[in-house]
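Asker: Please find one structure pasted underneath; my questions will follow.
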Number of protein chains: 2
Amino acid sequence: MSGDNQIRIGLITCKNIVRKLSRAINLSLNATISAIATTSSIEEAKSFTKSNNFPPNTKIHSSYESLLEDPDVDAVYFPIPTRLHLEWAVRAARKGKHILLDKPVALNVSEFDQIVEACAVNGVQFMDGTQWMHNPRTYKIKEFVNDLESFGLTKTVHSCFSFAANEDFLKHDIRVKPGLDGLGALGDAGWYTIQAILLANDFKLPKTVAALPGFVLNDAGIVLACGALFNWEEGISGTIYCSFLANLTMEITAIGTKGTLRVHDFVIPYRETEAAFTTSARGCVSEHKVMTELPQEACMVIEFARLVGEIKYRGAKPDGFWLSISRKTQLLVDAVKESIDNNLEPVFLSGR
Amino acid sequence: MSGDNQIRIGLITCKNIVRKLSRAINLSLNATISAIATTSSIEEAKSFTKSNNFPPNTKIHSSYESLLEDPDVDAVYFPIPTRLHLEWAVRAARKGKHILLDKPVALNVSEFDQIVEACAVNGVQFMDGTQWMHNPRTYKIKEFVNDLESFGLTKTVHSCFSFAANEDFLKHDIRVKPGLDGLGALGDAGWYTIQAILLANDFKLPKTVAALPGFVLNDAGIVLACGALFNWEEGISGTIYCSFLANLTMEITAIGTKGTLRVHDFVIPYRETEAAFTTSARGCVSEHKVMTELPQEACMVIEFARLVGEIKYRGAKPDGFWLSISRKTQLLVDAVKESIDNNLEPVFLSGR
């Protein structure tokens, strides 16, 4: 698919944050950038589109609303603070635009459910912008942990994602501001670790969730670091650790009855063109390398544009898989937050 | 040191469990096997000492008591069920024998304190038989996590040790029997993980300990799998997972403000002659290999015999370092058990 059949993506904002994704769209044969909305000057936006190799005919809108009215936009990407997700995702859905939304998808799952409903009513595709889920390595990892012969049944999984934010980040970044991304390190780094433990449990929701003692909040009550425990059936557990206050670490260790999985760079692979993981099974330790022709963010755009293309050109219905993963992840993020807010009481997920 | 100056070790029991350690003693120039005590027939014991290359003049005692009376025994190694540790370690100390005792060192810390007292009164050296602590790699790991420049301050550490025990083990091994090693997977596999998280915190005791929901007990109430959380100052945490029910996994992941440590085979290195670990610091991932001329169990025997030699030949006092690590580990094992027995209530360690 190329040329006329490409899915035309509009970018809401022309801040630096879209650079990585705009490169990914440029690398994706089935997608193209058709428009951008800016709240700064048109001149600045022009120079931004040029320096980032946007197609020369990229339209520049001076408001988000105007971009959503543009008939040359099939889908929108929203790298905006979480607090604005509900409003703008619902508006986009009502205009029939397919949605690629950054994580966390909302401030809580009830907000997200309003987005889900707007997508359903308007028949638009939803996907959250978690890139590692689309790395070819992730499919291989999934294959291994679902393999009853090599991995067996999942017994426990531990995942951590931390990075040592600098002083400026800890003072000014939207991820430490209650009015913007109120979920802090939990909604940011924690999001990935929760997906990792879900993946090791075939995306089955746990029965209970409890935050662990020792979490760190900033003066505004935003989570800077925390751990949490997840329990499925008896003897099946998962733990996460997420932090803005510790050295960059991106680990998954999943242990089954017969095998063990280890990944050291699951969120952002050390290399763009290959990604590794280690398995132990039957007493044998194996290093696996998965070649990736395209960076994982391009794999994500291709998958998104493919699903949108199914709807646009073949009359398919929106695919619910990625949306269901987003919802489960948000539900667990919420549960950890609820436990933190309730003196670390466990949260029972039955019926949620 | 060799020949006459070697520390003469007596082995209590001639079961298969002493094979590994007897080989280690044979590899240690400063130690030798001088006697063995058996409860089976003298003929069987003779054939055992021969097939395991014990020195030809190894004495065979038909009772533990008789070995403890032997003036040609400086020190004893006890691979006997935990329930018998208190009695036999105290008896050995009273006979002036130095003590190398398997882990867990006792059924609880108050029992252990009686052993400690007997050692102090009789001026004998104590060391527990946890071999990985003596691997040259462990010293390198300790160096890294204590390095404020490369690792910074410890923020979190996760350690797991699991192996999938077979049906026979789960029915008959002493480690699943309340009358023998009543601490189950916690006293066995958990012991190592607790040492690992202590090591990452410079052997400082945490303030609180709590077992995590989802532990598994057998019908006799013995722990087959469990997790636990340890908290130091605000924002400094450790988690462990130990199990007889999951694939062989031996991990340490320690995250500091500036660096990360990863070890994948910390209990028993994949190779006897070299041991690896990975560090990340300043954005750079490094693989380290530590050459080990002797297996870690021989390093342990050499260290033990060195300390005994200091006492025997140079009038030194017993060294308290290893004993203090044993006590802290036992204290934390006890605390996890206490939390399991008390509906997962956290245990406060202040004053213990």
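Please note that chains go A, B, ... in the order of the structure tokens, that every chain numbers its residues from 1, and that ligands are numbered from 1 in the order shown.
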Could you tell me which residues of chain A sit within 9 Å of chain B when counting only C-alpha atoms, and give me the result as JSON, numbers by chain?

Answerer: {"A": [151, 152, 153, 154, 155, 156, 158, 162, 163, 164, 212, 213, 214, 215, 216, 225, 226, 227, 229, 230, 231, 232, 233, 234, 235, 236, 237, 239, 241, 245, 246, 247, 248, 249, 251, 253, 255, 256, 257, 258, 259, 260, 280, 281, 282, 283]}

Asker: Go ahead and dump the residues you just picked, C-alpha atoms, as a short mmCIF file (atom, residue, chain, number, x, y, z; two decimals), in the first residue's frame.

Answerer:
```
data_model
loop_
_atom_site.label_atom_id
_atom_site.label_comp_id
_atom_site.auth_asym_id
_atom_site.auth_seq_id
_atom_site.Cartn_x
_atom_site.Cartn_y
_atom_site.Cartn_z
CA PHE A 151 7.84 -22.16 29.57
CA GLY A 152 5.01 -24.06 31.22
CA LEU A 153 2.59 -22.15 33.41
CA THR A 154 3.51 -18.67 34.62
CA LYS A 155 4.39 -18.65 38.33
CA THR A 156 5.78 -15.17 38.83
CA HIS A 158 8.82 -9.09 37.90
CA SER A 162 13.07 3.31 36.12
CA PHE A 163 15.08 6.29 35.00
CA ALA A 164 16.85 8.97 36.97
CA LEU A 212 3.74 -1.85 48.20
CA PRO A 213 5.00 0.20 51.13
CA GLY A 214 7.85 2.55 50.34
CA PHE A 215 6.33 4.55 47.49
CA VAL A 216 7.58 8.12 47.02
CA ALA A 225 8.41 5.86 42.56
CA CYS A 226 6.34 2.87 43.63
CA GLY A 227 6.06 -0.88 43.60
CA LEU A 229 1.96 -6.68 43.69
CA PHE A 230 -0.55 -8.49 41.49
CA ASN A 231 -2.08 -11.88 42.30
CA TRP A 232 -3.85 -14.26 39.97
CA GLU A 233 -4.77 -17.77 41.16
CA GLU A 234 -3.00 -19.14 44.22
CA GLY A 235 0.73 -19.08 43.74
CA ILE A 236 0.73 -16.85 40.64
CA SER A 237 2.07 -13.40 41.27
CA THR A 239 5.54 -7.44 41.00
CA TYR A 241 8.68 -1.28 40.30
CA LEU A 245 14.45 8.34 40.88
CA ALA A 246 16.63 5.36 39.95
CA ASN A 247 19.03 4.49 37.19
CA LEU A 248 17.64 3.53 33.77
CA THR A 249 16.50 -0.10 34.05
CA GLU A 251 13.61 -5.49 33.05
CA THR A 253 11.93 -11.62 34.54
CA ILE A 255 9.35 -17.57 35.64
CA GLY A 256 7.19 -20.47 34.56
CA THR A 257 7.05 -24.04 35.77
CA LYS A 258 9.49 -25.08 33.03
CA GLY A 259 11.18 -21.96 31.72
CA THR A 260 12.43 -18.48 32.50
CA SER A 280 16.20 -20.78 30.15
CA ALA A 281 14.39 -24.01 29.64
CA ARG A 282 15.32 -27.63 30.26
CA GLY A 283 18.54 -26.52 31.93
#
```

Asker: What are the DSSP alpha helix (DSSP H) residues of region 112-326 of chain A, as a PyMOL selection string?

Answerer: chain A and resi 112-122+136-145+167-172+184-187+189-199+296-314+321-326

Asker: Between B:Thr193, B:Thr329, B:Gln296, B:Ser40, which one has atoms that come closest to Tyr139 (chain B), using only C-alpha atoms?

Answerer: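 Among the listed residues, the smallest separation from Tyr139 (chain B) belongs to B:Gln296.
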
Asker: Which neighbours of region 91-100 of chain B fall inside 10 Å, counting only C-alpha atoms, when residues of the same chain fewer than 3 positions from it are skipped, and could you give them as a PyMOL selection string?

Answerer: chain B and resi 7+9-11+64-65+67-71+73-79+85-88+103+105+115-130+300-301+304-305+307-308+311+318

Asker: Go through region 75-321 of chain B and collect every residue that DSSP, computed from the backbone, puts in strand (DSSP E or B); the answer should be as an MDAnalysis selection string.

Answerer: chainID B and resid 75:78 98:101 126:128 154:164 208:211 216:217 223:231 237:243 245:256 259:263 265 274:281 284:291

Asker: Let me make sure I understand: among A:Pro206, A:Gly221, A:Gly315, A:Pro295, which one has the smallest atom-to-atom distance to Pro178 (chain A) if we use only C-alpha atoms?

Answerer: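 Comparing A:Pro206, A:Gly221, A:Gly315, A:Pro295 against Pro178 (chain A), the winner is A:Gly221.
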
Asker: Please, what distance in Å, to one decimal, runs between CA of Asp72 (chain B) and CA of Arg8 (chain B)?

Answerer: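 Between CA of Asp72 (chain B) and CA of Arg8 (chain B) the gap works out to 6.8 Å.
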